[in-house]
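Taking it in order: structure first as structure tokens, then the write-up.
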Amino acid sequence: QVQLMQSGGGSVQAGESLRLSCDVSAYTSRTNCMGWFRQAPGKERENIGLIPRNGGVALYADSVKGRVTLSLDNYKRTLSLEMNNMKPEDAGMYYCAARRGGSWWECEPEAKNFGDWGQGIQVTVSS
């Protein structure tokens, strides 16, 4: 049963912005750690950023820092990703994720730490 439902994305031109949303309204497990990941063909799933469940200050991977913003709207129950100046190397499957239990201070960026995932959205970047 998918409790994290993604939307948005698809195809973007290089230099444009990507916007993805993850509906968390059906997510009932306790979590203090949510995030976005991406996976290019033949590569491991890579963290883009992490954000606490209360929508506080997010942490970003060095590879995308300065181009990405994560936000969590607890009224709309939406976890969002915005990535600017998209590059061909940003293409891949994008996933939202949540880690059950634990505290924000235990939130680490490795994919293995996350048990709940969105369905994934394929993002292509054309130059």
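Residue names in the structure tokens use chain letters A, B, ... in the order shown, residue numbers from 1 in each chain, and ligand numbers from 1 in the order shown.
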Contact residues around Ser127 in chain A with only C-alpha atoms at 12 Å, ignoring same-chain residues under 4 positions, as a list in words |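 Counting only the stated atoms, we get Ser11, Val12, Gln13, Ala14, Gly15, Glu16, Asn85, Met86, Lys87, Pro88, Glu89, Asp90 and Ala91 of chain A.
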Grab the residues selected above and save them as a PDB file, in the first residue's frame with N, CA, C and O atoms.
ATOM      1  N   SER A  11       9.478  15.516 -18.113  1.00  0.00           N
ATOM      2  CA  SER A  11      10.566  15.987 -18.957  1.00  0.00           C
ATOM      3  C   SER A  11      10.783  17.485 -18.762  1.00  0.00           C
ATOM      4  O   SER A  11       9.822  18.251 -18.747  1.00  0.00           O
ATOM      5  N   VAL A  12      12.035  17.859 -18.624  1.00  0.00           N
ATOM      6  CA  VAL A  12      12.391  19.275 -18.531  1.00  0.00           C
ATOM      7  C   VAL A  12      13.553  19.542 -19.471  1.00  0.00           C
ATOM      8  O   VAL A  12      14.308  18.626 -19.829  1.00  0.00           O
ATOM      9  N   GLN A  13      13.696  20.796 -19.848  1.00  0.00           N
ATOM     10  CA  GLN A  13      14.829  21.221 -20.649  1.00  0.00           C
ATOM     11  C   GLN A  13      15.977  21.570 -19.709  1.00  0.00           C
ATOM     12  O   GLN A  13      15.759  22.010 -18.574  1.00  0.00           O
ATOM     13  N   ALA A  14      17.187  21.383 -20.186  1.00  0.00           N
ATOM     14  CA  ALA A  14      18.348  21.800 -19.403  1.00  0.00           C
ATOM     15  C   ALA A  14      18.219  23.287 -19.083  1.00  0.00           C
ATOM     16  O   ALA A  14      17.855  24.084 -19.952  1.00  0.00           O
ATOM     17  N   GLY A  15      18.528  23.618 -17.835  1.00  0.00           N
ATOM     18  CA  GLY A  15      18.412  25.002 -17.412  1.00  0.00           C
ATOM     19  C   GLY A  15      17.082  25.353 -16.781  1.00  0.00           C
ATOM     20  O   GLY A  15      16.970  26.364 -16.088  1.00  0.00           O
ATOM     21  N   GLU A  16      16.074  24.515 -17.007  1.00  0.00           N
ATOM     22  CA  GLU A  16      14.763  24.749 -16.414  1.00  0.00           C
ATOM     23  C   GLU A  16      14.714  24.187 -14.996  1.00  0.00           C
ATOM     24  O   GLU A  16      15.671  23.583 -14.512  1.00  0.00           O
ATOM     25  N   ASN A  85      17.979  24.969 -12.549  1.00  0.00           N
ATOM     26  CA  ASN A  85      19.090  24.799 -13.485  1.00  0.00           C
ATOM     27  C   ASN A  85      19.388  23.322 -13.737  1.00  0.00           C
ATOM     28  O   ASN A  85      20.511  22.851 -13.542  1.00  0.00           O
ATOM     29  N   MET A  86      18.357  22.604 -14.153  1.00  0.00           N
ATOM     30  CA  MET A  86      18.498  21.170 -14.372  1.00  0.00           C
ATOM     31  C   MET A  86      19.535  20.875 -15.452  1.00  0.00           C
ATOM     32  O   MET A  86      19.653  21.597 -16.451  1.00  0.00           O
ATOM     33  N   LYS A  87      20.273  19.785 -15.205  1.00  0.00           N
ATOM     34  CA  LYS A  87      21.324  19.368 -16.124  1.00  0.00           C
ATOM     35  C   LYS A  87      21.029  17.952 -16.606  1.00  0.00           C
ATOM     36  O   LYS A  87      20.324  17.198 -15.928  1.00  0.00           O
ATOM     37  N   PRO A  88      21.573  17.562 -17.735  1.00  0.00           N
ATOM     38  CA  PRO A  88      21.333  16.194 -18.223  1.00  0.00           C
ATOM     39  C   PRO A  88      21.696  15.128 -17.199  1.00  0.00           C
ATOM     40  O   PRO A  88      21.029  14.093 -17.123  1.00  0.00           O
ATOM     41  N   GLU A  89      22.722  15.375 -16.407  1.00  0.00           N
ATOM     42  CA  GLU A  89      23.136  14.403 -15.397  1.00  0.00           C
ATOM     43  C   GLU A  89      22.183  14.319 -14.212  1.00  0.00           C
ATOM     44  O   GLU A  89      22.333  13.457 -13.346  1.00  0.00           O
ATOM     45  N   ASP A  90      21.178  15.175 -14.166  1.00  0.00           N
ATOM     46  CA  ASP A  90      20.158  15.105 -13.118  1.00  0.00           C
ATOM     47  C   ASP A  90      19.041  14.120 -13.472  1.00  0.00           C
ATOM     48  O   ASP A  90      18.154  13.860 -12.663  1.00  0.00           O
ATOM     49  N   ALA A  91      19.071  13.570 -14.653  1.00  0.00           N
ATOM     50  CA  ALA A  91      18.025  12.640 -15.076  1.00  0.00           C
ATOM     51  C   ALA A  91      18.053  11.355 -14.252  1.00  0.00           C
ATOM     52  O   ALA A  91      19.122  10.925 -13.804  1.00  0.00           O
TER      53      ALA A  91
END
Please provide the set of residues having any atom within 12 Å of Asp73 in chain A, restricted to only C-alpha atoms, with same-chain residues fewer than 2 positions apart removed, written as a PyMOL selection string.
-> chain A and resi 21-25+51-56+70-71+75-81
Closest of A:Gly115, A:Leu18, A:Cys96, A:Pro41 to Met5 in chain A - atom-to-atom distances counting only C-alpha atoms =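 Closest to Met5 in chain A, using only C-alpha atoms: A:Cys96.
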Exercise: Asp116 in chain A partners within 9 Å, only C-alpha atoms, chain neighbours under 5 positions left out, as a ChimeraX atom specification | /A:2-4,96-100
Rounded to one decimal in Å, what is the spacing between CA of Trp105 in chain A and CA of Glu44 in chain A?
-> 23.9 Å
Any idea what the distance is between CA of Ser17 in chain A and CA of Glu82 in chain A?
-> 6.9 Å
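What separates CA of Gly101 in chain A from CA of Met34 in chain A is a distance of 11.0 Å.
With only C-alpha atoms as the atoms that count, the minimum distance from Leu50 in chain A to the choices A:Met93, A:Leu20, A:Trp36, A:Arg30 is reached by A:Trp36.
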Out of chain A, which residues get helix (DSSP H, G or I) from DSSP, as an MDAnalysis selection string?
-> chainID A and resid 88:90 104:106 111:113
Go through chain A and collect every residue that DSSP, computed from the backbone, puts in strand (DSSP E); the answer should be as a VMD selection string.
-> chain A and resid 5 to 8 11 to 13 18 to 23 31 to 39 46 to 51 59 to 60 68 to 73 78 to 83 92 to 100 116 to 117 121 to 126
Considering only C-alpha atoms, state which residue in the set A:Ser63, A:Ile48, A:Val68, A:Thr31 is at the smallest distance from Ser103 in chain A.
->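 Ranking A:Ser63, A:Ile48, A:Val68, A:Thr31 by distance to Ser103 in chain A, first place goes to A:Thr31.
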Out of A:Tyr27, A:Met83, A:Tyr94, A:Gly49, which residue has the shortest atom-to-atom distance to Asp62 in chain A when counting only C-alpha atoms?
->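 Using only C-alpha atoms, the shortest distance to Asp62 in chain A belongs to A:Gly49.
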Of the residues A:Thr69, A:Asn47, A:Ser126, A:Asn84, which is the one nearest to Cys107 in chain A, using only C-alpha atoms?
->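 Selected residue with least distance to Cys107 in chain A: A:Asn47.
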